[in-house]
Structure formats: structure tokens, C-alpha cells
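Trainee: The structure file data-v3.cif (mmCIF, C-alpha atoms) is provided below.
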```
data_work
loop_
_atom_site.label_atom_id
_atom_site.label_comp_id
_atom_site.auth_asym_id
_atom_site.auth_seq_id
_atom_site.Cartn_x
_atom_site.Cartn_y
_atom_site.Cartn_z
CA MET G 1 0.00 0.00 0.00
CA ASP G 2 0.97 3.60 -0.47
CA PHE G 3 1.12 5.17 2.98
CA ASP G 4 1.79 8.57 1.39
CA ALA G 5 -1.84 8.59 0.25
CA TYR G 6 -3.08 8.83 3.85
CA LYS G 7 -3.96 12.24 5.25
CA PRO G 8 -2.44 13.00 8.62
CA ALA G 9 -5.43 13.11 11.00
CA VAL G 10 -5.33 9.97 13.07
CA LEU G 11 -7.89 8.30 15.34
CA LEU G 12 -6.38 5.71 17.66
CA ASP G 13 -8.43 2.88 19.08
CA LEU G 14 -7.14 2.10 22.57
CA ASP G 15 -8.43 -1.26 23.81
CA GLY G 16 -6.62 -4.04 21.91
CA THR G 17 -4.77 -1.56 19.68
CA LEU G 18 -2.53 0.41 22.04
CA VAL G 19 -2.94 -2.04 24.93
CA ASP G 20 -2.69 -5.84 24.63
CA SER G 21 -6.05 -6.46 26.30
CA VAL G 22 -8.20 -8.60 24.01
CA TYR G 23 -7.47 -12.03 25.49
CA GLN G 24 -8.02 -10.78 29.04
CA HIS G 25 -11.37 -9.36 27.89
CA VAL G 26 -12.31 -12.72 26.35
CA VAL G 27 -11.56 -14.63 29.54
CA ALA G 28 -13.23 -12.01 31.76
CA TRP G 29 -16.40 -12.11 29.63
CA SER G 30 -16.37 -15.92 29.64
CA GLU G 31 -16.14 -16.00 33.42
CA ALA G 32 -18.94 -13.43 33.71
CA PHE G 33 -21.20 -15.40 31.35
CA GLN G 34 -20.51 -18.64 33.24
CA ALA G 35 -21.22 -16.95 36.58
CA HIS G 36 -24.64 -15.95 35.23
CA GLY G 37 -25.40 -19.39 33.82
CA TYR G 38 -24.63 -18.75 30.13
CA GLU G 39 -22.21 -20.88 28.10
CA VAL G 40 -20.69 -18.90 25.24
CA PRO G 41 -17.80 -20.31 23.15
CA LEU G 42 -14.67 -18.23 23.66
CA TRP G 43 -13.98 -17.80 19.95
CA ARG G 44 -17.41 -16.20 19.61
CA ILE G 45 -16.61 -13.84 22.48
CA HIS G 46 -13.33 -12.96 20.74
CA ALA G 47 -15.24 -12.15 17.56
CA ALA G 48 -17.47 -9.76 19.54
CA ILE G 49 -14.66 -7.86 21.26
CA GLY G 50 -14.54 -4.26 20.08
CA MET G 51 -18.27 -3.72 20.34
CA GLY G 52 -19.50 -1.80 23.35
CA GLY G 53 -20.76 -4.02 26.19
CA LYS G 54 -24.36 -2.95 25.63
CA ARG G 55 -24.16 -4.40 22.11
CA LEU G 56 -21.87 -7.34 22.82
CA VAL G 57 -24.14 -9.08 25.32
CA PRO G 58 -27.30 -9.22 23.17
CA TRP G 59 -25.22 -10.05 20.07
CA LEU G 60 -23.67 -13.07 21.79
CA LEU G 61 -26.84 -14.18 23.56
CA ARG G 62 -28.91 -13.62 20.42
CA GLY G 63 -31.46 -11.25 21.77
CA HIS G 64 -32.26 -8.91 24.58
CA VAL G 65 -31.40 -10.21 28.02
CA ASP G 66 -32.46 -8.63 31.27
CA ASP G 67 -29.07 -8.91 32.91
CA THR G 68 -26.91 -7.07 30.34
CA GLU G 69 -26.06 -4.48 32.99
CA GLU G 70 -25.08 -7.09 35.59
CA LEU G 71 -23.04 -9.03 33.03
CA SER G 72 -21.19 -5.86 31.99
CA ASP G 73 -20.50 -4.96 35.61
CA ASP G 74 -19.24 -8.48 36.31
CA HIS G 75 -16.99 -8.42 33.23
CA ARG G 76 -15.57 -5.01 34.18
CA ARG G 77 -14.75 -6.15 37.70
CA ARG G 78 -13.04 -9.33 36.48
CA PHE G 79 -11.13 -7.46 33.78
CA LEU G 80 -9.92 -4.76 36.18
CA ASP G 81 -8.90 -7.44 38.71
CA ARG G 82 -6.22 -8.56 36.25
CA ALA G 83 -5.27 -5.08 35.02
CA ASP G 84 -1.75 -5.53 36.39
CA GLN G 85 -1.20 -8.21 33.70
CA LEU G 86 -1.87 -5.71 30.92
CA ARG G 87 0.96 -4.40 28.76
CA ALA G 88 1.08 -1.84 25.96
CA THR G 89 1.25 -3.35 22.47
CA ARG G 90 4.59 -3.22 20.69
CA GLY G 91 5.43 0.35 19.69
CA ALA G 92 2.21 1.87 21.09
CA ALA G 93 3.81 4.52 23.30
CA ALA G 94 6.46 5.22 20.64
CA LEU G 95 3.77 5.75 18.00
CA VAL G 96 2.03 8.32 20.19
CA ASP G 97 5.38 10.06 20.76
CA ASP G 98 6.03 9.97 17.01
CA LEU G 99 2.68 11.61 16.19
CA GLU G 100 3.32 14.33 18.76
CA ARG G 101 6.85 14.99 17.55
CA ARG G 102 5.70 15.22 13.95
CA GLU G 103 2.69 17.36 14.98
CA VAL G 104 0.16 15.01 13.39
CA ALA G 105 -3.36 15.69 14.66
CA PHE G 106 -4.56 12.62 16.57
CA LYS G 107 -6.98 11.57 19.27
CA ILE G 108 -7.89 8.42 21.16
CA ALA G 109 -11.25 7.01 19.95
CA THR G 110 -12.43 4.37 22.39
CA SER G 111 -15.81 3.02 23.36
CA ALA G 112 -14.34 1.55 26.55
CA GLU G 113 -16.12 2.49 29.73
CA ALA G 114 -14.41 5.21 31.79
CA GLU G 115 -12.91 2.89 34.40
CA ILE G 116 -11.46 0.55 31.79
CA ARG G 117 -10.27 3.44 29.63
CA ASP G 118 -8.40 4.90 32.61
CA ALA G 119 -6.73 1.54 33.35
CA LEU G 120 -5.68 1.21 29.70
CA LEU G 121 -4.25 4.74 29.55
CA GLU G 122 -2.34 4.00 32.74
CA THR G 123 -0.91 0.83 31.15
CA LEU G 124 0.14 2.94 28.18
CA GLY G 125 1.74 5.46 30.55
CA ARG G 126 -0.31 8.30 29.04
CA THR G 127 -3.12 9.24 31.41
CA ASP G 128 -2.83 12.76 29.97
CA LEU G 129 -4.41 11.77 26.64
CA ALA G 130 -7.97 13.01 26.19
CA SER G 131 -10.71 11.09 24.40
CA ALA G 132 -14.35 11.65 23.58
CA ASP G 133 -16.46 10.10 26.33
CA ALA G 134 -18.09 6.99 24.90
CA ASP G 135 -21.18 7.51 27.06
CA ASP G 136 -21.78 10.94 25.52
CA VAL G 137 -21.67 10.02 21.85
CA GLY G 138 -24.61 7.70 21.27
CA SER G 139 -24.21 4.19 19.93
CA SER G 140 -20.92 2.30 20.25
CA LYS G 141 -18.99 0.55 17.46
CA PRO G 142 -19.86 -0.65 14.87
CA ALA G 143 -21.98 2.52 14.89
CA PRO G 144 -19.79 5.39 13.69
CA ASP G 145 -20.99 7.95 16.28
CA LEU G 146 -17.77 7.91 18.30
CA LEU G 147 -15.57 8.23 15.23
CA LEU G 148 -17.62 11.16 13.92
CA ALA G 149 -17.49 12.89 17.32
CA THR G 150 -13.72 12.43 17.40
CA CYS G 151 -13.32 13.83 13.87
CA ALA G 152 -15.40 16.83 14.95
CA ASP G 153 -13.14 17.31 17.99
CA LEU G 154 -10.12 17.27 15.68
CA GLY G 155 -11.83 19.58 13.17
CA VAL G 156 -11.35 17.18 10.26
CA GLU G 157 -13.70 15.64 7.74
CA PRO G 158 -14.06 11.84 8.00
CA GLU G 159 -12.51 11.33 4.57
CA ASP G 160 -9.36 13.08 5.81
CA ALA G 161 -8.98 10.79 8.83
CA THR G 162 -7.32 7.41 9.34
CA LEU G 163 -8.36 5.06 12.13
CA VAL G 164 -5.89 2.62 13.63
CA GLY G 165 -7.90 -0.24 15.15
CA ASP G 166 -7.66 -3.94 15.88
CA SER G 167 -11.16 -5.28 15.32
CA ALA G 168 -13.61 -5.78 12.49
CA TRP G 169 -15.97 -3.47 14.37
CA ASP G 170 -13.47 -0.64 14.06
CA ALA G 171 -13.15 -1.19 10.33
CA GLU G 172 -16.90 -1.50 9.84
CA ALA G 173 -17.65 1.68 11.79
CA ALA G 174 -15.01 3.60 9.85
CA ARG G 175 -16.15 2.32 6.47
CA ARG G 176 -19.69 3.53 7.11
CA VAL G 177 -18.53 7.14 7.20
CA GLY G 178 -15.62 7.05 4.77
CA ILE G 179 -12.75 6.94 7.29
CA ARG G 180 -9.77 4.83 6.21
CA THR G 181 -8.71 2.03 8.56
CA ILE G 182 -5.31 0.54 9.15
CA ALA G 183 -5.86 -2.62 11.16
CA VAL G 184 -3.32 -4.09 13.57
CA ARG G 185 -3.03 -7.85 14.05
CA CYS G 186 -2.21 -7.56 17.76
CA GLY G 187 -5.87 -8.02 18.73
CA GLY G 188 -5.68 -11.54 17.36
CA PHE G 189 -8.14 -11.08 14.50
CA GLY G 190 -7.37 -12.73 11.16
CA ASP G 191 -6.40 -10.69 8.12
CA ASP G 192 -9.37 -11.94 6.09
CA HIS G 193 -11.75 -10.95 8.89
CA LEU G 194 -10.26 -7.43 9.09
CA LEU G 195 -10.04 -6.88 5.34
CA SER G 196 -13.54 -8.13 4.62
CA ALA G 197 -14.87 -5.72 7.28
CA GLY G 198 -13.31 -2.89 5.32
CA ALA G 199 -9.75 -2.44 6.60
CA ASP G 200 -7.54 -0.82 3.95
CA ALA G 201 -4.33 -2.41 5.22
CA VAL G 202 -3.17 -4.73 7.99
CA VAL G 203 0.08 -4.46 9.96
CA ASP G 204 1.34 -6.35 13.01
CA ASP G 205 1.14 -3.61 15.64
CA PRO G 206 1.49 0.15 16.25
CA GLY G 207 5.26 -0.17 16.04
CA ALA G 208 4.90 -0.88 12.33
CA LEU G 209 3.33 2.57 11.81
CA ILE G 210 5.96 4.78 13.40
CA GLY G 211 6.93 7.51 10.95
CA ARG G 212 4.26 6.39 8.50
CA LEU G 213 1.03 8.12 9.56
CA MET J 1 -17.15 -29.74 -0.12
CA ASP J 2 -18.12 -33.34 -0.66
CA PHE J 3 -17.99 -35.06 2.70
CA ASP J 4 -18.77 -38.39 1.03
CA ALA J 5 -15.24 -38.37 -0.40
CA TYR J 6 -13.74 -38.75 3.08
CA LYS J 7 -12.78 -42.24 4.25
CA PRO J 8 -14.06 -43.06 7.69
CA ALA J 9 -10.94 -43.24 9.88
CA VAL J 10 -10.90 -40.18 12.10
CA LEU J 11 -8.19 -38.61 14.27
CA LEU J 12 -9.55 -36.14 16.79
CA ASP J 13 -7.40 -33.37 18.20
CA LEU J 14 -8.45 -32.75 21.80
CA ASP J 15 -7.07 -29.44 23.11
CA GLY J 16 -8.99 -26.59 21.45
CA THR J 17 -10.99 -28.96 19.24
CA LEU J 18 -13.09 -31.05 21.65
CA VAL J 19 -12.47 -28.72 24.60
CA ASP J 20 -12.73 -24.91 24.50
CA SER J 21 -9.28 -24.38 25.99
CA VAL J 22 -7.26 -22.12 23.67
CA TYR J 23 -7.89 -18.77 25.35
CA GLN J 24 -7.12 -20.16 28.80
CA HIS J 25 -3.86 -21.53 27.36
CA VAL J 26 -3.01 -18.11 25.93
CA VAL J 27 -3.56 -16.34 29.24
CA ALA J 28 -1.74 -19.05 31.23
CA TRP J 29 1.29 -18.85 28.90
CA SER J 30 1.26 -15.06 29.09
CA GLU J 31 1.27 -15.15 32.89
CA ALA J 32 4.09 -17.72 32.88
CA PHE J 33 6.19 -15.63 30.47
CA GLN J 34 5.63 -12.49 32.55
CA ALA J 35 6.55 -14.34 35.75
CA HIS J 36 9.86 -15.27 34.12
CA GLY J 37 10.56 -11.77 32.83
CA TYR J 38 9.53 -12.25 29.18
CA GLU J 39 7.00 -10.03 27.41
CA VAL J 40 5.29 -11.88 24.56
CA PRO J 41 2.27 -10.36 22.73
CA LEU J 42 -0.82 -12.47 23.34
CA TRP J 43 -1.76 -12.74 19.65
CA ARG J 44 1.66 -14.31 19.04
CA ILE J 45 1.03 -16.80 21.84
CA HIS J 46 -2.36 -17.60 20.28
CA ALA J 47 -0.65 -18.27 16.94
CA ALA J 48 1.69 -20.75 18.65
CA ILE J 49 -1.01 -22.73 20.47
CA GLY J 50 -1.22 -26.27 19.14
CA MET J 51 2.52 -26.82 19.13
CA GLY J 52 3.95 -28.86 21.97
CA GLY J 53 5.39 -26.77 24.83
CA LYS J 54 8.95 -27.81 23.98
CA ARG J 55 8.51 -26.21 20.55
CA LEU J 56 6.29 -23.32 21.54
CA VAL J 57 8.71 -21.68 23.96
CA PRO J 58 11.73 -21.44 21.64
CA TRP J 59 9.46 -20.47 18.71
CA LEU J 60 8.02 -17.54 20.67
CA LEU J 61 11.30 -16.50 22.27
CA ARG J 62 13.17 -16.92 18.98
CA GLY J 63 15.80 -19.37 20.05
CA HIS J 64 16.77 -21.80 22.70
CA VAL J 65 16.14 -20.67 26.24
CA ASP J 66 17.41 -22.39 29.35
CA ASP J 67 14.12 -22.18 31.22
CA THR J 68 11.82 -23.91 28.70
CA GLU J 69 11.13 -26.62 31.26
CA GLU J 70 10.32 -24.14 34.04
CA LEU J 71 8.12 -22.09 31.71
CA SER J 72 6.20 -25.20 30.65
CA ASP J 73 5.73 -26.27 34.26
CA ASP J 74 4.53 -22.80 35.22
CA HIS J 75 2.11 -22.70 32.28
CA ARG J 76 0.74 -26.15 33.16
CA ARG J 77 0.15 -25.17 36.78
CA ARG J 78 -1.64 -21.94 35.81
CA PHE J 79 -3.72 -23.70 33.15
CA LEU J 80 -4.77 -26.51 35.49
CA ASP J 81 -5.61 -23.96 38.21
CA ARG J 82 -8.45 -22.73 35.98
CA ALA J 83 -9.47 -26.15 34.65
CA ASP J 84 -12.90 -25.76 36.27
CA GLN J 85 -13.63 -22.97 33.75
CA LEU J 86 -13.14 -25.34 30.82
CA ARG J 87 -16.11 -26.54 28.79
CA ALA J 88 -16.42 -28.97 25.89
CA THR J 89 -16.81 -27.30 22.51
CA ARG J 90 -20.26 -27.36 20.93
CA GLY J 91 -21.17 -30.86 19.81
CA ALA J 92 -17.89 -32.45 20.94
CA ALA J 93 -19.34 -35.19 23.12
CA ALA J 94 -22.15 -35.78 20.63
CA LEU J 95 -19.65 -36.18 17.78
CA VAL J 96 -17.77 -38.86 19.74
CA ASP J 97 -21.08 -40.62 20.43
CA ASP J 98 -21.98 -40.36 16.77
CA LEU J 99 -18.70 -41.96 15.64
CA GLU J 100 -19.17 -44.79 18.13
CA ARG J 101 -22.77 -45.40 17.12
CA ARG J 102 -21.86 -45.47 13.44
CA GLU J 103 -18.79 -47.65 14.17
CA VAL J 104 -16.37 -45.24 12.54
CA ALA J 105 -12.77 -45.97 13.54
CA PHE J 106 -11.43 -42.98 15.51
CA LYS J 107 -8.85 -42.06 18.10
CA ILE J 108 -7.80 -38.98 20.07
CA ALA J 109 -4.54 -37.53 18.70
CA THR J 110 -3.20 -34.99 21.17
CA SER J 111 0.25 -33.70 21.97
CA ALA J 112 -1.00 -32.36 25.32
CA GLU J 113 0.99 -33.47 28.34
CA ALA J 114 -0.60 -36.27 30.37
CA GLU J 115 -1.91 -34.08 33.18
CA ILE J 116 -3.52 -31.61 30.78
CA ARG J 117 -4.87 -34.41 28.55
CA ASP J 118 -6.55 -35.99 31.59
CA ALA J 119 -8.16 -32.68 32.59
CA LEU J 120 -9.43 -32.19 29.04
CA LEU J 121 -10.89 -35.70 28.82
CA GLU J 122 -12.57 -35.11 32.16
CA THR J 123 -14.10 -31.88 30.82
CA LEU J 124 -15.35 -33.85 27.83
CA GLY J 125 -16.79 -36.46 30.18
CA ARG J 126 -14.85 -39.23 28.41
CA THR J 127 -11.88 -40.28 30.55
CA ASP J 128 -12.27 -43.73 28.98
CA LEU J 129 -10.93 -42.59 25.60
CA ALA J 130 -7.40 -43.80 24.85
CA SER J 131 -4.77 -41.80 22.98
CA ALA J 132 -1.20 -42.32 21.91
CA ASP J 133 1.09 -40.89 24.59
CA ALA J 134 2.65 -37.74 23.18
CA ASP J 135 5.86 -38.35 25.12
CA ASP J 136 6.35 -41.70 23.39
CA VAL J 137 5.98 -40.62 19.78
CA GLY J 138 8.90 -38.29 19.10
CA SER J 139 8.43 -34.70 17.97
CA SER J 140 5.17 -32.82 18.59
CA LYS J 141 3.05 -30.96 16.00
CA PRO J 142 3.75 -29.63 13.42
CA ALA J 143 5.86 -32.81 13.15
CA PRO J 144 3.57 -35.62 11.97
CA ASP J 145 4.94 -38.29 14.36
CA LEU J 146 1.87 -38.36 16.58
CA LEU J 147 -0.52 -38.54 13.64
CA LEU J 148 1.42 -41.40 12.07
CA ALA J 149 1.51 -43.28 15.38
CA THR J 150 -2.25 -42.83 15.74
CA CYS J 151 -2.88 -44.07 12.19
CA ALA J 152 -0.74 -47.12 12.99
CA ASP J 153 -2.80 -47.73 16.15
CA LEU J 154 -5.96 -47.60 14.05
CA GLY J 155 -4.44 -49.80 11.34
CA VAL J 156 -5.12 -47.27 8.58
CA GLU J 157 -2.93 -45.60 5.98
CA PRO J 158 -2.54 -41.81 6.39
CA GLU J 159 -4.32 -41.17 3.08
CA ASP J 160 -7.37 -42.97 4.46
CA ALA J 161 -7.54 -40.81 7.59
CA THR J 162 -9.15 -37.46 8.35
CA LEU J 163 -7.93 -35.22 11.17
CA VAL J 164 -10.29 -32.85 12.94
CA GLY J 165 -8.19 -30.08 14.45
CA ASP J 166 -8.36 -26.41 15.38
CA SER J 167 -4.89 -25.05 14.65
CA ALA J 168 -2.64 -24.40 11.68
CA TRP J 169 -0.15 -26.79 13.31
CA ASP J 170 -2.68 -29.62 13.04
CA ALA J 171 -3.24 -28.90 9.35
CA GLU J 172 0.46 -28.57 8.65
CA ALA J 173 1.34 -31.84 10.39
CA ALA J 174 -1.44 -33.68 8.54
CA ARG J 175 -0.53 -32.24 5.16
CA ARG J 176 3.05 -33.47 5.51
CA VAL J 177 1.87 -37.08 5.50
CA GLY J 178 -1.18 -36.89 3.29
CA ILE J 179 -3.87 -36.89 5.99
CA ARG J 180 -6.92 -34.75 5.19
CA THR J 181 -7.82 -32.04 7.72
CA ILE J 182 -11.16 -30.58 8.60
CA ALA J 183 -10.47 -27.52 10.72
CA VAL J 184 -12.83 -26.16 13.35
CA ARG J 185 -13.08 -22.43 14.03
CA CYS J 186 -13.65 -22.88 17.77
CA GLY J 187 -9.92 -22.46 18.51
CA GLY J 188 -10.21 -18.88 17.33
CA PHE J 189 -7.94 -19.21 14.29
CA GLY J 190 -8.92 -17.41 11.09
CA ASP J 191 -10.09 -19.32 8.03
CA ASP J 192 -7.25 -17.98 5.86
CA HIS J 193 -4.71 -19.10 8.45
CA LEU J 194 -6.19 -22.61 8.59
CA LEU J 195 -6.66 -22.99 4.84
CA SER J 196 -3.21 -21.72 3.95
CA ALA J 197 -1.73 -24.23 6.41
CA GLY J 198 -3.42 -26.98 4.42
CA ALA J 199 -6.88 -27.49 5.91
CA ASP J 200 -9.27 -28.99 3.35
CA ALA J 201 -12.38 -27.46 4.89
CA VAL J 202 -13.34 -25.26 7.83
CA VAL J 203 -16.46 -25.61 9.99
CA ASP J 204 -17.50 -23.88 13.21
CA ASP J 205 -17.15 -26.72 15.69
CA PRO J 206 -17.47 -30.51 16.15
CA GLY J 207 -21.25 -30.18 16.20
CA ALA J 208 -21.14 -29.30 12.49
CA LEU J 209 -19.61 -32.73 11.73
CA ILE J 210 -22.13 -35.01 13.39
CA GLY J 211 -23.26 -37.64 10.89
CA ARG J 212 -20.76 -36.39 8.31
CA LEU J 213 -17.48 -38.19 9.08
#
```
Kindly return the structure encoded in the file as C-alpha cells.
Mentor:
Amino acid sequence: MDFDAYKPAVLLDLDGTLVDSVYQHVVAWSEAFQAHGYEVPLWRIHAAIGMGGKRLVPWLLRGHVDDTEELSDDHRRRFLDRADQLRATRGAAALVDDLERREVAFKIATSAEAEIRDALLETLGRTDLASADADDVGSSKPAPDLLLATCADLGVEPEDATLVGDSAWDAEAARRVGIRTIAVRCGGFGDDHLLSAGADAVVDDPGALIGRL
Amino acid sequence: MDFDAYKPAVLLDLDGTLVDSVYQHVVAWSEAFQAHGYEVPLWRIHAAIGMGGKRLVPWLLRGHVDDTEELSDDHRRRFLDRADQLRATRGAAALVDDLERREVAFKIATSAEAEIRDALLETLGRTDLASADADDVGSSKPAPDLLLATCADLGVEPEDATLVGDSAWDAEAARRVGIRTIAVRCGGFGDDHLLSAGADAVVDDPGALIGRL
């Protein structure tokens, strides 16, 4: 691909993209489902990661369930209990430094709940980074609301922005509004899955993008 | 695909195929690596699952390390500590019943260590099922030694056998000796990954194969 074709306004997904958190999410959701009497295959949970919790639960349980709130709370508690195991993905902090040094407009675009977002930013070592509050911007990914709100914050048109994300839901949300997506493999999603959801390119991790956005 | 073309001698991978164990393996390996001072991205660990531990550690750490044995022991302990979270994959027990009822020759083909194999068979509810002992058959997957030993046990030629497995390492081992592979998605590996490793077909889980092997 021709990286020179990309305009320099960058939206960065956080959960799974800048922090290596997907597998801990999968196990935390599995434990929460089991605790509430649901058996959900872990590969299906993996495929749902990247949606907001309010969407993920009914998507996996195939319909509205009354205990979505309790399941989300249980997942959050279990995930945060193992937050000390989290690490930044390869090159994540260096990519943020690189964007700042080169004065590329960028912003974190995450639909993670506030408590989880704060834990992820702490893992990244960048609690100073601002992001649009997921609770304020309507529907979560794959709805594009958050991405549009973040573009508005940055003062750029969607077609001038590039999203870096790890999940098919990122790519799908971006495609709906004409934002380019570079997908990273570090969330554990297959290339075919990411490309068929609309990703324009796939690289291993944020480290592969230093100097190139 | 034409399932009728498959001859009815079946090798069943256990770990990740009949038991939903891959994500717990990933997290257990990650914890073991961290405890020994190594940082390995979780998606890379996922990609290595299905190899024997003696191969997995040097593959991930890019060379021989002195503490492969300690890392494997630590992983095993952490994995077994959460064995009560394990569940059979969808249709796994029913597929075994189906093969027995239809008198299809089959055998478990696993390179899991004895203690882990026993925990997995217990999860499946079939501690009576025999398997070739991985320690007795030379190199682990992607080497085909275990698959050849299992074919010999069954008294079939490799080209008359079909392996059901969840990882690229299963498909690669089988391809080397002319065994067909049907891959299941329930280990969380992408279709392109499985097919490019040599899988002949991909289905969701063992439940999709009932009555068809």
C-alpha cells in the first residue's frame, strides 16, 4: 500500500490496539457469562470484542437479556482485577510520541467504559491523553458515532482521517462514514476478517506505523 | 465440499478442538512468560497454540532458552488452576457418540501433556478414551509423528484418515503425511490461516460434523 496517500489526521483505538487487552477481555467475559449461567464459546466472544458491552451481550446471547447491565459490571470487575497483567502493544507509546513529535493531529477514539479506559491509559503510561467520552456520543462501534465525534473534535472531515484499530468493528464503523482504517493484528483477528470488514491495510502492531502516519 | 469423499478413519485433536481451551492456554502462557521476565504479545502466543510446549517456547522466544522446562511447568500449573472454567466445545461429546454409534474408527490424537490431557478428557466427560502418549511418539506438532503413530494404532494408511483439528499446526502436520484435515473455528484461528496451512475445509465446531465423518 501507499502510505503517502493517507492524510495526517489519526484516530487511535485504545483497547486491543494500544494495549494488549483482548485475550483478558475474552476470559473475563467468559467468566462473567458462566457466573450468570450462560455458556458462550470463547472464539465467539473474541469475535465480539470491540463492540461496546451494551451491544456485545445481546449479540452473543442472540437477543435482549435482562441482565446485560449485571453481566457488563461483572466483566468489568473481572477485567480490572487482572489489570496488572496488561501491557502496551509493541510500539504503542512510541507511535504516540512519534505523532506528537511530527505534529500530526490525533486523538484516542475508544468506546471503553471510563474505568477501563483509565486503566488502559495508565498501562500505556499516558493518562494525559484526552478522548471523547463513549457515554456521551450515542451508539458504540460498529456505529460510527464515536468516530464522527472524534473527527469533529479534531476539526477534520471523516474522509481526511485514518483510524488505527484492531477489530472488524473498528473497520466497519469507519467504512460507514468514509474513514480509512489501518488494522493491527495484535488483537488476534485474522487478516481476512479485518479486510472483509473494510480495513484498507493490515500491519502487526502500532510499532509498524511509526513515521508512516 | 463433498464429505462423502472422506474415508471413515478419524483422528480427533483434543485441546482446542473437543475442549474450549485455547484462550485459557493463551492467558496461562502469558502469565508464565511475565513471571519469568519475558514479554510476549498475546496474539503471538495464540498463533503458537497447538505446538507442543517444547517447541512453543523457543518459537516464541526466537531461540533456545534455558528455562523452557520451568516455563512449561509454570504454564501447566496456571492452566490446570483454571481447569474448572473449561467446557467442551459445541457438539464435541455428541460427535464422539456419533462416531461410536456409526462404528467409525477414531482415536484422540493430542500432543497435550498427560496431566492436561486428563483434565481435558474429564471436561469432555470421556476419561475412557485412549490416545497415543505424546511423550512416546517423538516430535510434537507440526511434526507428523503423533498422527502417524495414531494411524498405525488404528491400522489405517494416512491417506485414508481425516484429522479434525483447530490449529494451523494440526493442518500442517497432517498435510506433511497426506492426511486430510477438517479444521474447526472454535480455537479462534482465522479461516485464511487454517486454509493456507493446508486445511481442506473449515467448519464452526465438532457439532457441524455429526453424521458427516
Trainee: Counting only C-alpha atoms, give me one row per residue of chain G with an atom at most 9 Å from an atom of chain J, showing the shortest contact pair and its distance in Å to one decimal, sorted by chain then residue number, as a tab-separated table.
Mentor:
```
residue	atom	partner	partner_atom	distance
G:Asp20	CA	J:Pro41	CA	7.0
G:Ser21	CA	J:Leu42	CA	8.5
G:Val22	CA	J:Leu42	CA	8.4
G:Tyr23	CA	J:Tyr23	CA	6.8
G:Gln24	CA	J:Val27	CA	7.1
G:Val26	CA	J:Tyr23	CA	7.6
G:Val27	CA	J:Tyr23	CA	6.9
G:Ser30	CA	J:Gln85	CA	8.6
G:Glu31	CA	J:Gln85	CA	7.4
G:Gln34	CA	J:Gln85	CA	8.1
G:Glu39	CA	J:Arg87	CA	8.3
G:Pro41	CA	J:Asp20	CA	7.0
G:Leu42	CA	J:Asp20	CA	7.0
G:Trp43	CA	J:Gly188	CA	4.7
G:Arg44	CA	J:Cys186	CA	7.9
G:His46	CA	J:Gly188	CA	7.5
G:Ala47	CA	J:Gly188	CA	8.4
G:Gln85	CA	J:Glu31	CA	7.4
G:Arg87	CA	J:Glu39	CA	8.4
G:Thr89	CA	J:Pro41	CA	7.1
G:Arg90	CA	J:Pro41	CA	7.8
G:Arg185	CA	J:Trp43	CA	7.5
G:Cys186	CA	J:Trp43	CA	5.5
G:Gly187	CA	J:Trp43	CA	6.3
G:Gly188	CA	J:Trp43	CA	4.7
G:Phe189	CA	J:Gly190	CA	7.2
G:Gly190	CA	J:Gly190	CA	4.9
G:Asp191	CA	J:Asp192	CA	7.7
G:Asp192	CA	J:Asp192	CA	6.4
G:His193	CA	J:Gly190	CA	7.4
```
Trainee: Smallest atom-to-atom distance to Val19 of chain J: which of J:Ala92, J:Ile116, J:Ala199, J:Val65, using only C-alpha atoms?
Mentor: J:Ala92
Trainee: Could you check how far atom CA of Thr110 of chain J sits from atom CA of Ala28 of chain G, in Å to one decimal?
Mentor: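 Atom CA of Thr110 of chain J sits 27.2 Å away from atom CA of Ala28 of chain G.
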Trainee: State, in Å with one decimal place, the distance from atom CA of Leu209 of chain G to atom CA of Arg102 of chain G.
Mentor: 13.0 Å
Trainee: Which is closer to Glu113 of chain J than all the others in J:Arg55, J:Arg176, J:His36, J:Arg76, using all atoms listed in the file?
Mentor: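 Smallest distance to Glu113 of chain J is found for J:Arg76.
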Trainee: So which residues touch Leu146 of chain J within 7 Å, counting only C-alpha atoms, skipping near sequence neighbours fewer than 3 positions away, as a list of chain:residue names?
Mentor: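 In the requested format, the answer is J:Ala109, J:Ala134, J:Val137, J:Ser140, J:Ala149, J:Thr150.
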Trainee: Kindly resolve the PyMOL selection byres ((chain J and resi 201) around 12) on the present coordinates and return the residues as an MDAnalysis selection string.
Mentor: chainID J and resid 1:3 6 162:166 171 180:185 191:200 202:205 208:209
Trainee: Once the PyMOL selection byres ((chain J and resi 151) around 12) has been evaluated on this model, what residues remain selected, and can you format them as number ranges by chain?
Mentor: J: 9-12, 105-109, 131-132, 144-150, 152-163, 174, 177-179
Trainee: One decimal, in Å: what's the spacing between atom CA of Ala35 of chain J and atom CA of Gly53 of chain J?
Mentor: 16.6 Å
Trainee: Give as a ChimeraX atom specification the residues that the PyMOL selection byres ((chain J and resi 120) around 10) matches when applied to the coordinates above.
Mentor: /J:14-16,18-21,80,83,86-88,112,114-119,121-127
Trainee: Which one is closest to Val104 of chain G: G:Gly37, G:Gly211, G:Pro206, G:Gly52? Count all atoms listed in the file.
Mentor: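 That would be G:Gly211, the residue with the smallest distance to Val104 of chain G.
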Trainee: Closest to Arg77 of chain G among G:Arg175, G:His25, G:Lys141, G:Asp170, using all atoms listed in the file?
Mentor: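 Closest residue, counting all atoms listed in the file: G:His25.
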Trainee: Between G:Phe33, G:Arg101, G:Arg82, G:Ala130, which residue has the minimum interatomic distance to Thr68 of chain G, considering only C-alpha atoms?
Mentor: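 For Thr68 of chain G, the nearest of the given residues is G:Phe33.
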